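S.K.: The following block contains the structure, expressed as structure tokens.
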Amino acid sequence: MKRMGERSLIVGLWVVLVLKSCDALNCDGCVALDGLSFDKVISKFPASLVKFDIAYPYGERHEHFAQVAKDAANIPDLFTGEVGIKEYGDKENVEFETRFEFNRDDYPMVILFVKNNKEGSIEHFKFKYEFTSENLKKFLKEKAGIRIPLTGCISEFDALTEGFAILSTEKMESALKTAKNLVKDLSEDLSKSGSTYIKLMKKVISDGVGFLDSEENRVNKILTTKLKPAKKLEMETRLNIIKSFVTRPQKKAKEEL
């Protein structure tokens with residue numbers, strides 16, 4: 001009995017070490033997939049964001065994906081995973097390159113899988129933009145309707161600003177009043193962002209929607225200069241909040257002479 005207990009303890013410790021080593025290969029919030037588990041898992045979620053990459057990913061782009069996975073951890077409709085591909089030796093998971101038409105030069109390849117709830121079919125969309133966490137979040141919003149707030153943004157305020165610029169003045173004032181009530185309940189860390197939303201909403205009401213474009217250009221110019229880390233973060237947050245006013249009046253095409 002004693003030997004059996006010692007053996008069970010050793011096996012248990014071995015399993016824990018294996019699981020920990022597996023976790024180390026993946027970012028927080030990511031789940032490793034392979035040819036056996038891929039379809040089974042993807043079919044269970046309304047949307048799945050998957051990164052196909054080398055078996056042991058690293059670097060800036062991997063960190064951007066990891067940030068999105070971490071930020072999306074509490075979103076039940078979104079799955080985030082990774083497929084590690086080995087093109088040498090056992091050539092694990094190389095079949096995905098053929099299946100989704102990409103190659104090693106495309107790594108990391110991020111594909112969004114969106115399930116059609118009526119038909120049960122799954123569409124997939126390749127991410128082809130500059131590889132940043134912000135662009136990955138925009139990609140999710142555009143293709144799957146899933147909102148992950150950009151850095152410094154707040155979901156409740158994003159919901160108010162998304163169509164703010166095309167509202168009537170009366171409805172703008174109503175949305176502004178709601179924002180003022182919301183900011184009272186924000187933590188100290190988020191109150192500064194909340195105040196920025198309110199200031200921008202007031203400027204849109206007083207100066208018109210053209211203010212958003214001019215302010216976005218102004219902040220972008222500031223970000224091209226040398227800034228201290230704290231100031232750079234402040235400007236990046238302001239730019240992200242400006243971008244939350246995503247629905248703006250369409251500019252009329254100039255009439256041909």
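Every chain in the structure tokens takes a letter, A first, then B, and so on in the order presented; its residues are numbered from 1, and the ligands are numbered from 1 following the presented order.
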Would you list the contacts of A:Arg104 as a ChimeraX atom specification, taking every protein, DNA or RNA residue within 9 Å and counting only C-alpha atoms, but skipping same-chain residues closer than 4 positions in sequence?
M.R.: /A:53-54,87,97,108-109
S.K.: Atoms to include: C-alpha atoms. Write the selected residues as a PDB file, in the first residue's frame.
M.R.:
```
ATOM      1  CA  ASP A  53       2.398  29.795 -35.547  1.00  0.00           C
ATOM      2  CA  ILE A  54       5.658  28.023 -34.860  1.00  0.00           C
ATOM      3  CA  GLU A  87       7.571  21.635 -40.176  1.00  0.00           C
ATOM      4  CA  GLU A  97      -1.362  25.115 -43.921  1.00  0.00           C
ATOM      5  CA  PRO A 108       1.762  34.123 -37.309  1.00  0.00           C
ATOM      6  CA  MET A 109      -1.455  33.548 -39.246  1.00  0.00           C
TER       7      MET A 109
END
```
S.K.: Among stretch 32-234 of chain A, which residues does DSSP mark as strand (DSSP E) when it is run on the backbone? Keep the chain and numbering as in the structure and answer as number ranges by chain.
M.R.: A: 32-33, 47-54, 78-85, 109-115, 122-126
S.K.: How would the residues just picked look written out with N, CA and C atoms as an mmCIF file, in the first residue's frame?
M.R.:
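After the write, result.cif holds the following:
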```cif
data_model
loop_
_atom_site.group_PDB
_atom_site.id
_atom_site.type_symbol
_atom_site.label_atom_id
_atom_site.label_comp_id
_atom_site.auth_asym_id
_atom_site.auth_seq_id
_atom_site.Cartn_x
_atom_site.Cartn_y
_atom_site.Cartn_z
ATOM 1 N N ALA A 32 -4.215 25.369 -26.457
ATOM 2 C CA ALA A 32 -3.502 24.711 -27.552
ATOM 3 C C ALA A 32 -4.422 23.734 -28.273
ATOM 4 N N LEU A 33 -4.420 23.792 -29.598
ATOM 5 C CA LEU A 33 -5.242 22.904 -30.422
ATOM 6 C C LEU A 33 -4.365 22.075 -31.344
ATOM 7 N N ALA A 47 -17.715 32.299 -31.900
ATOM 8 C CA ALA A 47 -16.549 32.857 -32.595
ATOM 9 C C ALA A 47 -15.275 32.315 -31.960
ATOM 10 N N SER A 48 -14.292 32.039 -32.806
ATOM 11 C CA SER A 48 -13.005 31.517 -32.326
ATOM 12 C C SER A 48 -11.876 32.244 -33.034
ATOM 13 N N LEU A 49 -10.972 32.806 -32.258
ATOM 14 C CA LEU A 49 -9.806 33.492 -32.811
ATOM 15 C C LEU A 49 -8.599 32.589 -32.581
ATOM 16 N N VAL A 50 -8.002 32.116 -33.683
ATOM 17 C CA VAL A 50 -6.936 31.129 -33.568
ATOM 18 C C VAL A 50 -5.673 31.633 -34.260
ATOM 19 N N LYS A 51 -4.544 31.469 -33.573
ATOM 20 C CA LYS A 51 -3.248 31.850 -34.151
ATOM 21 C C LYS A 51 -2.490 30.589 -34.543
ATOM 22 N N PHE A 52 -2.099 30.522 -35.809
ATOM 23 C CA PHE A 52 -1.280 29.425 -36.315
ATOM 24 C C PHE A 52 0.152 29.934 -36.385
ATOM 25 N N ASP A 53 1.053 29.240 -35.709
ATOM 26 C CA ASP A 53 2.398 29.795 -35.547
ATOM 27 C C ASP A 53 3.392 28.658 -35.349
ATOM 28 N N ILE A 54 4.646 29.021 -35.180
ATOM 29 C CA ILE A 54 5.658 28.023 -34.860
ATOM 30 C C ILE A 54 5.301 27.381 -33.521
ATOM 31 N N LEU A 78 -16.460 34.060 -27.137
ATOM 32 C CA LEU A 78 -15.217 34.068 -27.908
ATOM 33 C C LEU A 78 -14.211 33.081 -27.331
ATOM 34 N N PHE A 79 -13.705 32.220 -28.196
ATOM 35 C CA PHE A 79 -12.638 31.282 -27.846
ATOM 36 C C PHE A 79 -11.339 31.778 -28.467
ATOM 37 N N THR A 80 -10.254 31.719 -27.731
ATOM 38 C CA THR A 80 -8.946 32.071 -28.285
ATOM 39 C C THR A 80 -8.010 30.886 -28.129
ATOM 40 N N GLY A 81 -7.363 30.530 -29.216
ATOM 41 C CA GLY A 81 -6.487 29.364 -29.178
ATOM 42 C C GLY A 81 -5.283 29.503 -30.083
ATOM 43 N N GLU A 82 -4.395 28.541 -29.972
ATOM 44 C CA GLU A 82 -3.179 28.517 -30.784
ATOM 45 C C GLU A 82 -2.963 27.122 -31.363
ATOM 46 N N VAL A 83 -2.438 27.098 -32.558
ATOM 47 C CA VAL A 83 -2.014 25.840 -33.168
ATOM 48 C C VAL A 83 -0.518 25.951 -33.446
ATOM 49 N N GLY A 84 0.254 25.131 -32.759
ATOM 50 C CA GLY A 84 1.703 25.126 -32.975
ATOM 51 C C GLY A 84 2.061 24.173 -34.101
ATOM 52 N N ILE A 85 2.782 24.688 -35.091
ATOM 53 C CA ILE A 85 3.107 23.878 -36.279
ATOM 54 C C ILE A 85 4.600 23.566 -36.322
ATOM 55 N N MET A 109 -0.203 33.392 -38.515
ATOM 56 C CA MET A 109 -1.455 33.548 -39.246
ATOM 57 C C MET A 109 -2.606 33.469 -38.250
ATOM 58 N N VAL A 110 -3.390 34.540 -38.181
ATOM 59 C CA VAL A 110 -4.547 34.563 -37.292
ATOM 60 C C VAL A 110 -5.807 34.454 -38.133
ATOM 61 N N ILE A 111 -6.663 33.506 -37.775
ATOM 62 C CA ILE A 111 -7.916 33.305 -38.498
ATOM 63 C C ILE A 111 -9.078 33.339 -37.503
ATOM 64 N N LEU A 112 -10.110 34.080 -37.877
ATOM 65 C CA LEU A 112 -11.315 34.159 -37.067
ATOM 66 C C LEU A 112 -12.377 33.240 -37.657
ATOM 67 N N PHE A 113 -12.899 32.350 -36.840
ATOM 68 C CA PHE A 113 -13.941 31.414 -37.260
ATOM 69 C C PHE A 113 -15.261 31.857 -36.625
ATOM 70 N N VAL A 114 -16.266 32.102 -37.472
ATOM 71 C CA VAL A 114 -17.557 32.603 -36.996
ATOM 72 C C VAL A 114 -18.640 31.596 -37.356
ATOM 73 N N LYS A 115 -19.373 31.172 -36.353
ATOM 74 C CA LYS A 115 -20.411 30.161 -36.538
ATOM 75 C C LYS A 115 -21.738 30.800 -36.896
ATOM 76 N N ILE A 122 -19.638 27.283 -40.559
ATOM 77 C CA ILE A 122 -18.607 28.144 -39.980
ATOM 78 C C ILE A 122 -17.841 28.845 -41.097
ATOM 79 N N GLU A 123 -17.840 30.162 -41.040
ATOM 80 C CA GLU A 123 -17.050 30.972 -41.976
ATOM 81 C C GLU A 123 -15.714 31.291 -41.329
ATOM 82 N N HIS A 124 -14.691 31.531 -42.134
ATOM 83 C CA HIS A 124 -13.423 31.956 -41.544
ATOM 84 C C HIS A 124 -12.863 33.158 -42.307
ATOM 85 N N PHE A 125 -12.207 34.029 -41.546
ATOM 86 C CA PHE A 125 -11.658 35.271 -42.074
ATOM 87 C C PHE A 125 -10.213 35.406 -41.613
ATOM 88 N N LYS A 126 -9.317 35.666 -42.562
ATOM 89 C CA LYS A 126 -7.907 35.831 -42.226
ATOM 90 C C LYS A 126 -7.618 37.278 -41.829
#
```
S.K.: What's the separation between atom CA of A:Leu167 and atom CA of A:Phe245, in Å to one decimal place?
M.R.: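 Separation between atom CA of A:Leu167 and atom CA of A:Phe245: 11.5 Å.
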S.K.: How many Å separate atom CA of A:Lys221 from atom CA of A:Arg238?
M.R.: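 One can read the atom CA of A:Lys221 to atom CA of A:Arg238 distance as 12.8 Å.
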S.K.: With only C-alpha atoms as the basis for distance, which of A:Glu142, A:Glu170, A:Glu236, A:Glu162 is at the shortest distance from A:Ile205?
M.R.: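 Closest to A:Ile205 of all the choices is A:Glu170.
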S.K.: To one decimal place in Å, what is the distance between atom CA of A:Ala66 and atom CA of A:Asp28?
M.R.: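 Atom CA of A:Asp28 lies at a distance of 6.6 Å from atom CA of A:Ala66.
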S.K.: I want to know what sits within 9 Å of stretch 186-199 of chain A, based on only C-alpha atoms, with residues of the same chain fewer than 4 positions away left out; could you give that as a ChimeraX atom specification?
M.R.: /A:152-154,157-158,161,176,179-180,182,203-204,237-238,241-242
